[in-house]
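Let me begin by presenting the structure, written as structure tokens, before commenting on it.
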Amino acid sequence: MTKRKATRPRPRLSIPVVVADATEVGVSPGALMIRTGSLTSPPTVAALPVELLDGFLRQVQAAARAAEEDYWSLIPAFRAGARSEDNTELARAKEQWLRAQPWNTALDNGGGANHHPLFLVEYAGHVGLVAAAPFTRARTLVIFDPLQLHRLAPALLKAASGAAQGMSEANPRVSVRLARARQEWTAMPWPATPLTLPTQQQAEAVISELRTDFLRRSLFVEER
């Protein structure tokens, strides 16, 4: 009889993990607001002060472009656990796959995730945002799809501009400003407005367009 070696269990993250299924972007005086998560549970609310926005949004878009290099090749893995081609089922399978990845290793390799209140990491074809107080209520890992971040880019830039314009009404103490903004946005209905999910045909059209844009960017980089 052959003995099997005991396998060491994969270490689990000690912080909550949120997969950004639905995301809202808005403005509070002096802060950009993000609410994200599942439509079936209360969202994670993040408040980002004007003072950090320029550099942070550049980092987000750079991370999204880097993550997209792996994203397209990983689509078969996302879909492997799906029981059908239904959008809801595909989203469930993808979330299950993402949660099974060793994000703890990615965060450890990135360095500083346990020490800084705002931290980005590109891993498994996605962008992980680790945020803690004063940006969120508690330290949380939020996993964003790079295609979602590309679609949100105009809204993020618009909200950053609106947050800057509201600085005259903002509390000069960043921690107080963000705490009040998070409290206000946490109390809002989720989602703020009824969300109409795209049909499978609409979703596939958007993905096809983003795939074409990615291939064009890749070709441009190779030809330089």
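By convention here, the chains of the structure tokens are called A, B, ... in the order presented, each chain's residues are numbered starting at 1, and ligands are numbered starting at 1 in the order presented.
The residue set within 6 Å of region 91-98 of chain A, counting only C-alpha atoms and dropping same-chain residues fewer than 2 places from it, reads Phe78, Gly81, Ala82, Thr88, Glu89, Ala100 and Gln101 of chain A.
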Restricted to N, CA and C atoms, what would the selected residues look like written as an mmCIF file, in the first residue's frame?
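See result_15.cif below for the written result:
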data_model
loop_
_atom_site.group_PDB
_atom_site.id
_atom_site.type_symbol
_atom_site.label_atom_id
_atom_site.label_comp_id
_atom_site.auth_asym_id
_atom_site.auth_seq_id
_atom_site.Cartn_x
_atom_site.Cartn_y
_atom_site.Cartn_z
ATOM 1 N N PHE A 78 -11.795 30.488 -16.661
ATOM 2 C CA PHE A 78 -12.942 31.098 -15.986
ATOM 3 C C PHE A 78 -14.208 30.285 -16.243
ATOM 4 N N GLY A 81 -15.804 25.929 -15.093
ATOM 5 C CA GLY A 81 -16.729 25.465 -14.064
ATOM 6 C C GLY A 81 -18.175 25.840 -14.303
ATOM 7 N N ALA A 82 -18.466 26.476 -15.441
ATOM 8 C CA ALA A 82 -19.843 26.902 -15.722
ATOM 9 C C ALA A 82 -20.685 25.742 -16.241
ATOM 10 N N THR A 88 -25.337 34.762 -15.993
ATOM 11 C CA THR A 88 -25.298 34.626 -14.533
ATOM 12 C C THR A 88 -24.445 33.429 -14.125
ATOM 13 N N GLU A 89 -24.585 32.325 -14.848
ATOM 14 C CA GLU A 89 -23.817 31.124 -14.554
ATOM 15 C C GLU A 89 -22.333 31.334 -14.846
ATOM 16 N N ALA A 100 -10.629 30.934 -5.742
ATOM 17 C CA ALA A 100 -9.781 29.763 -5.505
ATOM 18 C C ALA A 100 -8.303 30.040 -5.768
ATOM 19 N N GLN A 101 -7.989 31.186 -6.361
ATOM 20 C CA GLN A 101 -6.595 31.502 -6.659
ATOM 21 C C GLN A 101 -5.856 31.957 -5.392
#
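Residue neighbourhood of Asp145 (chain A), excluding near-sequence residues (fewer than 2 positions): His126, Val127, Ile143, Leu147, Gln148 and Leu149 of chain A, at 7 Å, using only C-alpha atoms.
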Could you turn the residues from that selection into a file that holds all heavy atoms, as a PDB file, in the first residue's frame?
ATOM      1  N   HIS A 126      -6.442  39.822 -13.407  1.00  0.00           N
ATOM      2  CA  HIS A 126      -7.325  40.777 -12.758  1.00  0.00           C
ATOM      3  C   HIS A 126      -6.511  41.779 -11.940  1.00  0.00           C
ATOM      4  O   HIS A 126      -5.301  41.623 -11.790  1.00  0.00           O
ATOM      5  CB  HIS A 126      -8.338  40.054 -11.858  1.00  0.00           C
ATOM      6  CG  HIS A 126      -9.420  39.368 -12.628  1.00  0.00           C
ATOM      7  ND1 HIS A 126      -9.176  38.248 -13.400  1.00  0.00           N
ATOM      8  CD2 HIS A 126     -10.743  39.642 -12.758  1.00  0.00           C
ATOM      9  CE1 HIS A 126     -10.306  37.865 -13.980  1.00  0.00           C
ATOM     10  NE2 HIS A 126     -11.267  38.683 -13.610  1.00  0.00           N
ATOM     11  N   VAL A 127      -7.204  42.777 -11.428  1.00  0.00           N
ATOM     12  CA  VAL A 127      -6.558  43.793 -10.592  1.00  0.00           C
ATOM     13  C   VAL A 127      -7.131  43.691  -9.186  1.00  0.00           C
ATOM     14  O   VAL A 127      -8.348  43.790  -8.997  1.00  0.00           O
ATOM     15  CB  VAL A 127      -6.784  45.216 -11.141  1.00  0.00           C
ATOM     16  CG1 VAL A 127      -6.152  46.253 -10.212  1.00  0.00           C
ATOM     17  CG2 VAL A 127      -6.190  45.344 -12.543  1.00  0.00           C
ATOM     18  N   ILE A 143     -11.507  42.522  -6.065  1.00  0.00           N
ATOM     19  CA  ILE A 143     -10.944  42.017  -7.321  1.00  0.00           C
ATOM     20  C   ILE A 143     -11.745  42.573  -8.489  1.00  0.00           C
ATOM     21  O   ILE A 143     -12.948  42.333  -8.610  1.00  0.00           O
ATOM     22  CB  ILE A 143     -10.966  40.481  -7.352  1.00  0.00           C
ATOM     23  CG1 ILE A 143     -10.194  39.916  -6.150  1.00  0.00           C
ATOM     24  CG2 ILE A 143     -10.366  39.963  -8.652  1.00  0.00           C
ATOM     25  CD1 ILE A 143     -10.285  38.404  -6.018  1.00  0.00           C
ATOM     26  N   LEU A 147     -11.398  44.494 -17.930  1.00  0.00           N
ATOM     27  CA  LEU A 147     -12.337  45.053 -18.903  1.00  0.00           C
ATOM     28  C   LEU A 147     -13.310  45.995 -18.209  1.00  0.00           C
ATOM     29  O   LEU A 147     -13.696  47.035 -18.762  1.00  0.00           O
ATOM     30  CB  LEU A 147     -13.102  43.930 -19.613  1.00  0.00           C
ATOM     31  CG  LEU A 147     -12.270  42.832 -20.278  1.00  0.00           C
ATOM     32  CD1 LEU A 147     -13.168  41.946 -21.132  1.00  0.00           C
ATOM     33  CD2 LEU A 147     -11.149  43.418 -21.105  1.00  0.00           C
ATOM     34  N   GLN A 148     -13.707  45.635 -16.994  1.00  0.00           N
ATOM     35  CA  GLN A 148     -14.585  46.500 -16.210  1.00  0.00           C
ATOM     36  C   GLN A 148     -13.894  47.828 -15.915  1.00  0.00           C
ATOM     37  O   GLN A 148     -14.502  48.899 -16.019  1.00  0.00           O
ATOM     38  CB  GLN A 148     -14.973  45.806 -14.910  1.00  0.00           C
ATOM     39  CG  GLN A 148     -15.937  46.602 -14.034  1.00  0.00           C
ATOM     40  CD  GLN A 148     -16.177  45.925 -12.697  1.00  0.00           C
ATOM     41  OE1 GLN A 148     -15.243  45.404 -12.084  1.00  0.00           O
ATOM     42  NE2 GLN A 148     -17.411  45.916 -12.242  1.00  0.00           N
ATOM     43  N   LEU A 149     -12.610  47.775 -15.577  1.00  0.00           N
ATOM     44  CA  LEU A 149     -11.872  49.004 -15.283  1.00  0.00           C
ATOM     45  C   LEU A 149     -11.740  49.879 -16.526  1.00  0.00           C
ATOM     46  O   LEU A 149     -11.800  51.113 -16.426  1.00  0.00           O
ATOM     47  CB  LEU A 149     -10.496  48.670 -14.718  1.00  0.00           C
ATOM     48  CG  LEU A 149     -10.497  48.059 -13.318  1.00  0.00           C
ATOM     49  CD1 LEU A 149      -9.092  47.672 -12.894  1.00  0.00           C
ATOM     50  CD2 LEU A 149     -11.106  49.027 -12.295  1.00  0.00           C
TER      51      LEU A 149
END
(request) May I ask for the distance between CA of Val121 (chain A) and CA of Val60 (chain A), given in Å to one decimal place? (result) 9.4 Å
(request) Extract the full set of strand (DSSP E or B) residues from chain A according to DSSP on the backbone, and format it as number ranges by chain. (result) A: 17-19, 22-28, 31-37, 44-49, 118-123, 126-131, 140-144
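You can rank A:Ala138, A:Leu157, A:Ala22, A:Val174 by their closest distance to Pro194 (chain A) using only C-alpha atoms, and at the top of that list sits A:Ala22.
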(request) Determine, counting only C-alpha atoms, which protein, DNA and RNA residues have an atom within 10 Å of an atom of region 151-154 of chain A; residues of the same chain fewer than 3 positions away are not included. Present the result as a PyMOL selection string. (result) chain A and resi 23-25+57+60-61+146-148+157-160+206+210
(request) Using only C-alpha atoms, determine which residues lie at most 12 Å from Pro189 (chain A), disregarding the query and same-chain residues fewer than 5 positions distant; provide the list as a ChimeraX atom specification. (result) /A:24,35,39,41-43,184,194
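Among the candidate residues A:Leu141, A:Ala155, A:Leu48, A:Ala192, the one lying nearest to Leu107 (chain A) is A:Leu141, with distances computed using only C-alpha atoms.
Remark: for Val142 (chain A), the closest of the candidate residues A:Leu118, A:Leu52, A:Ala163, A:Asn87 is A:Leu118 (distances computed over only C-alpha atoms).
Distances here use only C-alpha atoms; by that measure, the residue among A:Phe135, A:Trp190, A:Trp103, A:Phe119 closest to Pro49 (chain A) is A:Phe135.
Candidate residues A:Arg79, A:Gln59, A:Val27, A:Ala179 were compared for distance to Gln165 (chain A), and the nearest is A:Val27, using only C-alpha atoms.
Compared by their closest atoms to Leu120 (chain A), and using only C-alpha atoms, the residues A:Ala67, A:Leu195, A:Met188, A:Val176 rank with A:Ala67 nearest.
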